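J.: My questions will all concern the structure given below.
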Amino acid sequence: MSDITRREQTNELALQFGNAWNYAPSREGTEQVSLKPRYELFIDGAWTAPKSNRYFATINPATEETLAEVAEANEEDVARAVTGARAAYDNVWRKLSGKERAKYIYRIARALQEKAREFAIVETLDGGKPIKESRDIDVPLAAAHFFYHAGWADKLHYAFQGREARPLGVAGQIIPWNFPLLMAAWKIAPALACGNTVVLKPAETTPLTALMLAQIFQEIELPPGVVNIVTGAGATGAALAAHPGIDKVAFTGSTAVGKRIQQALAGSKKRLTLELGGKAANVVFADAPIDQAVEGIVNGIFFNQGHVCCAGSRLLVEESVHDIVVRKLQDRMRTLRVGDPLDKNTDVGAINSKMQLGKIHEMVAAGEEEGATRWSATYDLPSKGFFFPPTIFTGAAQSCRIAREEIFGPVLTVLTFRTPDEAIEKANNTMYGLSAGVWTDKGSKSFYMAQRLEAGVVWANTFNKFDATSPFGGFKESGLGREGGRQGLAAYSEVVG
Ligand code: NAP
Ligand code: MG
């Protein structure tokens, strides 16, 4: 019996006896987490009621229950935060040596590690992602980002080949809901390391871990005003980007809002970095290790419910292995556990918001109308909360919306190709260029593809791997500038000399 036949028989058995392989529930306890009923703005090192006098609720998307009330910052509140950040920049932070700044950043990293469990639970409660991801990916990577940048704070001279790097001043930072703590770390850590101060606006649906980070800033006695956190919705973000006291805007979010910010900043002194949307191609060649590739495809699109800017949402598979890849993918999808994000066995958790769930439904309906074939396994979805079953589309034309537009949900569109150059042409045929994946047994083919794919990150025989030392960012309409690595430091520095 060949290896492949044996493996297929094993798969058949697994499917036949699927129920016997189910796990008992293993729910992460929430006892050690104490959320406040209401969170104020974090300005100048203190909790401050908003001048707007308005609060909004942040909910748990898996249960639709309110977790806490959060202050909504208006223009006046944003202005107060910018004034605080400016004073901290002029009077304290820019005067500290890199070595002293590093000490604070190391403290933040260590405190985050100490409270890792609490952060992971709150990230899951507030955003809906599976606990195994917030515990094993979001929180450790966020801490790693602070450690990594703490290391640079007194070595910036070496980052720029002996040239002097000066801070820019006050950075206004706006982040999305898909990696709330990690995006806060991506923004705050390099800004502080390079000597800037910060006003950060978290997303409306996921403000809690950024506010917990503010508690850490108080505990480690970060000088007041060095980081300010203004919660609110899009209008708060717009007020922050537009404030004349800001020297740099760093935005992660949708391409549409990114373009609006770019227009608003045109002609101003403000520096800008944008991390925007994506429609990544995951390219699978016939010579790829198919089982590993299937695991990578699943990770690429169903990880974090597909709420990933660099999600592998287009599968480009070599025509000769299309059927076997799709069949193995379907087998694997049948074994995914979808449901309670707090359960340690859950693979796919809750969609972040009702609005996002609506967008996914709309795109999936468009895919069906355009004639693509929709397939999903049967999942026992919870009756409350926002859930969407992992779904694939086959037989889609390149021109279909599901093959071109970002869905930002657990929905994969499968396309085929015959030659490497056809794969490159199809992969690059998009306004985006954030990431791509290549699966092949041949190293030379990986390099050939990586050199031609228009994407900021190309993964070979893996997908969705992140590291603080590695620059991340987009080609084309996926963004401007890089975050992480030595390159990311340039986004917060004026290099002189
Ligand atoms: P979004 O609507 O653009 O929101 C991103 C952030 O901007 C949120 O904090 C949002 O506030 C705020 N915002 C909304 N309107 C604004 C305005 N006019 N001016 C200033 N700020 C404004 O994006 P999203 O739907 O939350 O996030 C998903 C998108 O982010 C996807 O397109 C995804 O690809 C992209 N993303 C990219 C990366 C990357 O690194 N390239 C990483 C993660 C996500 P509210 O949420 O409170 O409305
Ligand atoms: Mg929430």
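Here's how to read the names in the structure tokens: chain A, B, ... by the order shown, residue numbers from 1 in each chain, ligand numbers from 1 in the order shown.
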Would you mind listing, for every residue of chain A within 8 Å of ligand 1, the two atoms forming the shortest contact and the distance between them in Å to one decimal, using only C-alpha atoms and all ligand atoms, sorted by chain and ascending residue number, as a Markdown table?
T.:
```
| residue | atom | partner | partner_atom_place_in_ligand_line | distance |
| --- | --- | --- | --- | --- |
| A:Ile174 | CA | ligand 1 | 9 (O) | 5.2 |
| A:Ile175 | CA | ligand 1 | 9 (O) | 4.6 |
| A:Pro176 | CA | ligand 1 | 5 (C) | 4.2 |
| A:Trp177 | CA | ligand 1 | 26 (O) | 5.5 |
| A:Asn178 | CA | ligand 1 | 43 (C) | 5.9 |
| A:Phe179 | CA | ligand 1 | 43 (C) | 6.7 |
| A:Met183 | CA | ligand 1 | 42 (C) | 7.5 |
| A:Lys201 | CA | ligand 1 | 9 (O) | 6.0 |
| A:Pro202 | CA | ligand 1 | 9 (O) | 5.1 |
| A:Ala203 | CA | ligand 1 | 9 (O) | 3.6 |
| A:Glu204 | CA | ligand 1 | 47 (O) | 3.5 |
| A:Thr205 | CA | ligand 1 | 46 (O) | 6.3 |
| A:Thr231 | CA | ligand 1 | 47 (O) | 7.8 |
| A:Gly232 | CA | ligand 1 | 47 (O) | 5.6 |
| A:Ala233 | CA | ligand 1 | 47 (O) | 3.1 |
| A:Gly234 | CA | ligand 1 | 14 (C) | 3.5 |
| A:Ala235 | CA | ligand 1 | 17 (C) | 6.0 |
| A:Thr236 | CA | ligand 1 | 21 (N) | 6.8 |
| A:Gly237 | CA | ligand 1 | 21 (N) | 3.5 |
| A:Ala238 | CA | ligand 1 | 19 (N) | 3.4 |
| A:Ala239 | CA | ligand 1 | 20 (C) | 7.2 |
| A:Leu240 | CA | ligand 1 | 20 (C) | 7.2 |
| A:Ala241 | CA | ligand 1 | 20 (C) | 6.2 |
| A:Phe251 | CA | ligand 1 | 7 (O) | 7.0 |
| A:Thr252 | CA | ligand 1 | 38 (C) | 5.1 |
| A:Gly253 | CA | ligand 1 | 30 (O) | 3.0 |
| A:Ser254 | CA | ligand 1 | 32 (O) | 3.4 |
| A:Thr255 | CA | ligand 1 | 32 (O) | 5.9 |
| A:Ala256 | CA | ligand 1 | 3 (O) | 6.7 |
| A:Val257 | CA | ligand 1 | 3 (O) | 4.7 |
| A:Gly258 | CA | ligand 1 | 3 (O) | 6.6 |
| A:Arg260 | CA | ligand 1 | 18 (N) | 6.6 |
| A:Ile261 | CA | ligand 1 | 19 (N) | 6.1 |
| A:Leu274 | CA | ligand 1 | 41 (N) | 7.3 |
| A:Glu275 | CA | ligand 1 | 41 (N) | 3.5 |
| A:Leu276 | CA | ligand 1 | 41 (N) | 3.9 |
| A:Gly277 | CA | ligand 1 | 34 (O) | 3.1 |
| A:Gly278 | CA | ligand 1 | 34 (O) | 5.3 |
| A:His307 | CA | ligand 1 | 33 (C) | 7.4 |
| A:Val308 | CA | ligand 1 | 43 (C) | 6.0 |
| A:Cys309 | CA | ligand 1 | 34 (O) | 3.5 |
| A:Cys310 | CA | ligand 1 | 34 (O) | 6.9 |
| A:Gln356 | CA | ligand 1 | 25 (O) | 7.8 |
| A:Glu406 | CA | ligand 1 | 32 (O) | 6.9 |
| A:Phe408 | CA | ligand 1 | 31 (C) | 6.6 |
| A:Leu434 | CA | ligand 1 | 41 (N) | 6.7 |
| A:Phe472 | CA | ligand 1 | 40 (O) | 7.4 |
| A:Gly473 | CA | ligand 1 | 41 (N) | 6.3 |
| A:Gly474 | CA | ligand 1 | 41 (N) | 6.8 |
| A:Ser478 | CA | ligand 1 | 41 (N) | 6.2 |
| A:Gly479 | CA | ligand 1 | 41 (N) | 6.7 |
```
J.: DSSP on the backbone, then: every residue of segment 114-237 of chain A marked strand (DSSP E), written as a list in words.
T.: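 Restricting segment 114-237 of chain A to strand (DSSP E) produces Glu164, Ala165, Arg166, Pro167, Val170, Ala171, Gly172, Gln173, Ile174, Thr197, Val198, Val199, Leu200, Lys201, Val227, Asn228 and Ile229 of chain A.
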J.: From segment 368-414 of chain A, collect each residue whose DSSP state is alpha helix (DSSP H) and return the set as a PDB file with N, CA and C atoms, in the first residue's frame.
T.:
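The result, stored in result36.pdb:
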```
ATOM      1  N   GLU A 368     -21.810  33.605  -4.628  1.00  0.00           N
ATOM      2  CA  GLU A 368     -22.815  32.667  -5.149  1.00  0.00           C
ATOM      3  C   GLU A 368     -23.499  33.235  -6.380  1.00  0.00           C
ATOM      4  N   GLU A 369     -23.841  34.521  -6.313  1.00  0.00           N
ATOM      5  CA  GLU A 369     -24.506  35.154  -7.467  1.00  0.00           C
ATOM      6  C   GLU A 369     -23.624  35.129  -8.702  1.00  0.00           C
ATOM      7  N   ARG A 401     -15.910  39.210  -7.405  1.00  0.00           N
ATOM      8  CA  ARG A 401     -15.583  40.033  -6.230  1.00  0.00           C
ATOM      9  C   ARG A 401     -14.842  39.223  -5.167  1.00  0.00           C
ATOM     10  N   ILE A 402     -15.261  37.961  -4.978  1.00  0.00           N
ATOM     11  CA  ILE A 402     -14.613  37.151  -3.924  1.00  0.00           C
ATOM     12  C   ILE A 402     -13.158  36.830  -4.261  1.00  0.00           C
ATOM     13  N   ALA A 403     -12.778  37.004  -5.541  1.00  0.00           N
ATOM     14  CA  ALA A 403     -11.384  36.759  -5.926  1.00  0.00           C
ATOM     15  C   ALA A 403     -10.577  38.051  -5.908  1.00  0.00           C
ATOM     16  N   ARG A 404     -11.244  39.203  -5.777  1.00  0.00           N
ATOM     17  CA  ARG A 404     -10.538  40.488  -5.860  1.00  0.00           C
ATOM     18  C   ARG A 404     -10.590  41.291  -4.577  1.00  0.00           C
TER      19      ARG A 404
END
```
J.: Determine, using only C-alpha atoms and all ligand atoms, which residues of chain A have any atom at most 12 Å from an atom of ligand 2, and tabulate each with its shortest atom pair and distance in Å to one decimal place, rows ordered by chain and then rising number, as JSON lines.
T.:
```
{"residue": "A:Phe56", "atom": "CA", "partner": "ligand 2", "partner_atom_place_in_ligand_line": "1 (Mg)", "distance": 10.6}
{"residue": "A:Ala57", "atom": "CA", "partner": "ligand 2", "partner_atom_place_in_ligand_line": "1 (Mg)", "distance": 8.0}
{"residue": "A:Thr58", "atom": "CA", "partner": "ligand 2", "partner_atom_place_in_ligand_line": "1 (Mg)", "distance": 4.3}
{"residue": "A:Ile59", "atom": "CA", "partner": "ligand 2", "partner_atom_place_in_ligand_line": "1 (Mg)", "distance": 4.1}
{"residue": "A:Asn60", "atom": "CA", "partner": "ligand 2", "partner_atom_place_in_ligand_line": "1 (Mg)", "distance": 5.0}
{"residue": "A:Pro61", "atom": "CA", "partner": "ligand 2", "partner_atom_place_in_ligand_line": "1 (Mg)", "distance": 6.3}
{"residue": "A:Ala62", "atom": "CA", "partner": "ligand 2", "partner_atom_place_in_ligand_line": "1 (Mg)", "distance": 9.4}
{"residue": "A:Thr63", "atom": "CA", "partner": "ligand 2", "partner_atom_place_in_ligand_line": "1 (Mg)", "distance": 10.4}
{"residue": "A:Glu64", "atom": "CA", "partner": "ligand 2", "partner_atom_place_in_ligand_line": "1 (Mg)", "distance": 8.9}
{"residue": "A:Glu65", "atom": "CA", "partner": "ligand 2", "partner_atom_place_in_ligand_line": "1 (Mg)", "distance": 9.2}
{"residue": "A:Thr66", "atom": "CA", "partner": "ligand 2", "partner_atom_place_in_ligand_line": "1 (Mg)", "distance": 8.0}
{"residue": "A:Leu67", "atom": "CA", "partner": "ligand 2", "partner_atom_place_in_ligand_line": "1 (Mg)", "distance": 7.4}
{"residue": "A:Ala68", "atom": "CA", "partner": "ligand 2", "partner_atom_place_in_ligand_line": "1 (Mg)", "distance": 8.8}
{"residue": "A:Glu69", "atom": "CA", "partner": "ligand 2", "partner_atom_place_in_ligand_line": "1 (Mg)", "distance": 10.3}
{"residue": "A:Val70", "atom": "CA", "partner": "ligand 2", "partner_atom_place_in_ligand_line": "1 (Mg)", "distance": 10.5}
{"residue": "A:Val122", "atom": "CA", "partner": "ligand 2", "partner_atom_place_in_ligand_line": "1 (Mg)", "distance": 9.4}
{"residue": "A:Glu123", "atom": "CA", "partner": "ligand 2", "partner_atom_place_in_ligand_line": "1 (Mg)", "distance": 8.7}
{"residue": "A:Thr124", "atom": "CA", "partner": "ligand 2", "partner_atom_place_in_ligand_line": "1 (Mg)", "distance": 9.0}
{"residue": "A:Leu125", "atom": "CA", "partner": "ligand 2", "partner_atom_place_in_ligand_line": "1 (Mg)", "distance": 7.1}
{"residue": "A:Asp126", "atom": "CA", "partner": "ligand 2", "partner_atom_place_in_ligand_line": "1 (Mg)", "distance": 3.8}
{"residue": "A:Gly127", "atom": "CA", "partner": "ligand 2", "partner_atom_place_in_ligand_line": "1 (Mg)", "distance": 5.1}
{"residue": "A:Gly128", "atom": "CA", "partner": "ligand 2", "partner_atom_place_in_ligand_line": "1 (Mg)", "distance": 7.8}
{"residue": "A:Lys129", "atom": "CA", "partner": "ligand 2", "partner_atom_place_in_ligand_line": "1 (Mg)", "distance": 10.7}
{"residue": "A:Pro176", "atom": "CA", "partner": "ligand 2", "partner_atom_place_in_ligand_line": "1 (Mg)", "distance": 11.8}
{"residue": "A:Trp177", "atom": "CA", "partner": "ligand 2", "partner_atom_place_in_ligand_line": "1 (Mg)", "distance": 8.6}
{"residue": "A:Asn178", "atom": "CA", "partner": "ligand 2", "partner_atom_place_in_ligand_line": "1 (Mg)", "distance": 10.7}
{"residue": "A:Pro180", "atom": "CA", "partner": "ligand 2", "partner_atom_place_in_ligand_line": "1 (Mg)", "distance": 10.2}
{"residue": "A:Pro202", "atom": "CA", "partner": "ligand 2", "partner_atom_place_in_ligand_line": "1 (Mg)", "distance": 11.2}
{"residue": "A:Ala203", "atom": "CA", "partner": "ligand 2", "partner_atom_place_in_ligand_line": "1 (Mg)", "distance": 9.1}
{"residue": "A:Glu204", "atom": "CA", "partner": "ligand 2", "partner_atom_place_in_ligand_line": "1 (Mg)", "distance": 7.6}
{"residue": "A:Thr205", "atom": "CA", "partner": "ligand 2", "partner_atom_place_in_ligand_line": "1 (Mg)", "distance": 4.2}
{"residue": "A:Thr206", "atom": "CA", "partner": "ligand 2", "partner_atom_place_in_ligand_line": "1 (Mg)", "distance": 4.5}
{"residue": "A:Pro207", "atom": "CA", "partner": "ligand 2", "partner_atom_place_in_ligand_line": "1 (Mg)", "distance": 7.2}
{"residue": "A:Leu208", "atom": "CA", "partner": "ligand 2", "partner_atom_place_in_ligand_line": "1 (Mg)", "distance": 7.8}
{"residue": "A:Thr209", "atom": "CA", "partner": "ligand 2", "partner_atom_place_in_ligand_line": "1 (Mg)", "distance": 10.2}
{"residue": "A:Ala350", "atom": "CA", "partner": "ligand 2", "partner_atom_place_in_ligand_line": "1 (Mg)", "distance": 10.9}
{"residue": "A:Ile351", "atom": "CA", "partner": "ligand 2", "partner_atom_place_in_ligand_line": "1 (Mg)", "distance": 10.6}
{"residue": "A:Asn352", "atom": "CA", "partner": "ligand 2", "partner_atom_place_in_ligand_line": "1 (Mg)", "distance": 7.3}
{"residue": "A:Ser353", "atom": "CA", "partner": "ligand 2", "partner_atom_place_in_ligand_line": "1 (Mg)", "distance": 7.7}
{"residue": "A:Lys354", "atom": "CA", "partner": "ligand 2", "partner_atom_place_in_ligand_line": "1 (Mg)", "distance": 10.8}
{"residue": "A:Gly385", "atom": "CA", "partner": "ligand 2", "partner_atom_place_in_ligand_line": "1 (Mg)", "distance": 11.6}
{"residue": "A:Phe386", "atom": "CA", "partner": "ligand 2", "partner_atom_place_in_ligand_line": "1 (Mg)", "distance": 11.7}
```
J.: Distance atom CA of Tyr39 of chain A-atom CA of Ala71 of chain A, one decimal place?
T.: 6.2 Å
J.: Between atom CA of Asn53 of chain A and atom CA of Arg38 of chain A, what distance in Å does the model show, to one decimal?
T.: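 So the two atoms, atom CA of Asn53 of chain A and atom CA of Arg38 of chain A, lie 12.6 Å apart.
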J.: For Ile131 of chain A, list every protein, DNA or RNA residue within 7 Å, evaluated using only C-alpha atoms, and leave out those in the same chain fewer than 3 positions away; present the list as a PyMOL selection string.
T.: chain A and resi 120-121+124+134-135+341-344
J.: Within 12 Å of Arg452 of chain A, counting only C-alpha atoms, which residues qualify if same-chain residues fewer than 4 places away don't, as a list in words?
T.: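 Within the cut-off, the hits are Pro420, Asp421, Glu422, Ala423, Ile424, Glu425, Lys426, Ala427, Asn428, Gly433, Ala436, Val438, Lys445, Ser446, Phe447, Tyr448, Gly456, Val457 and Val458 of chain A.
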J.: Report as a list of chain:residue names all protein, DNA and RNA residues lying within 8 Å of Ala144 of chain A, evaluated on only C-alpha atoms, omitting residues in the same chain fewer than 3 positions from it.
T.: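 The contact residues come out as A:Ala109, A:Pro140, A:Leu141, A:Phe147, A:Tyr148, A:Ala468.
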J.: Any chance you can output those residues with N, CA, C and O atoms as a compact mmCIF listing (two decimals), in the first residue's frame?
T.:
```txt
# COMPACT_ATOMS: atom_id res chain seq x y z
N ALA A 109 7.64 45.33 28.76
CA ALA A 109 7.68 43.96 28.22
C ALA A 109 7.54 42.93 29.34
O ALA A 109 6.78 41.97 29.23
N PRO A 140 2.38 36.85 23.49
CA PRO A 140 3.85 36.67 23.42
C PRO A 140 4.50 37.55 22.35
O PRO A 140 5.57 38.11 22.58
N LEU A 141 3.84 37.71 21.20
CA LEU A 141 4.43 38.56 20.16
C LEU A 141 4.46 40.03 20.58
O LEU A 141 5.40 40.75 20.27
N PHE A 147 10.35 43.92 23.92
CA PHE A 147 11.74 43.51 24.21
C PHE A 147 12.67 43.91 23.07
O PHE A 147 13.74 44.46 23.28
N TYR A 148 12.23 43.58 21.85
CA TYR A 148 13.08 43.84 20.69
C TYR A 148 13.41 45.33 20.57
O TYR A 148 14.56 45.72 20.38
N ALA A 468 9.31 40.12 15.43
CA ALA A 468 9.60 41.55 15.62
C ALA A 468 10.80 42.01 14.80
O ALA A 468 10.92 43.19 14.46
```
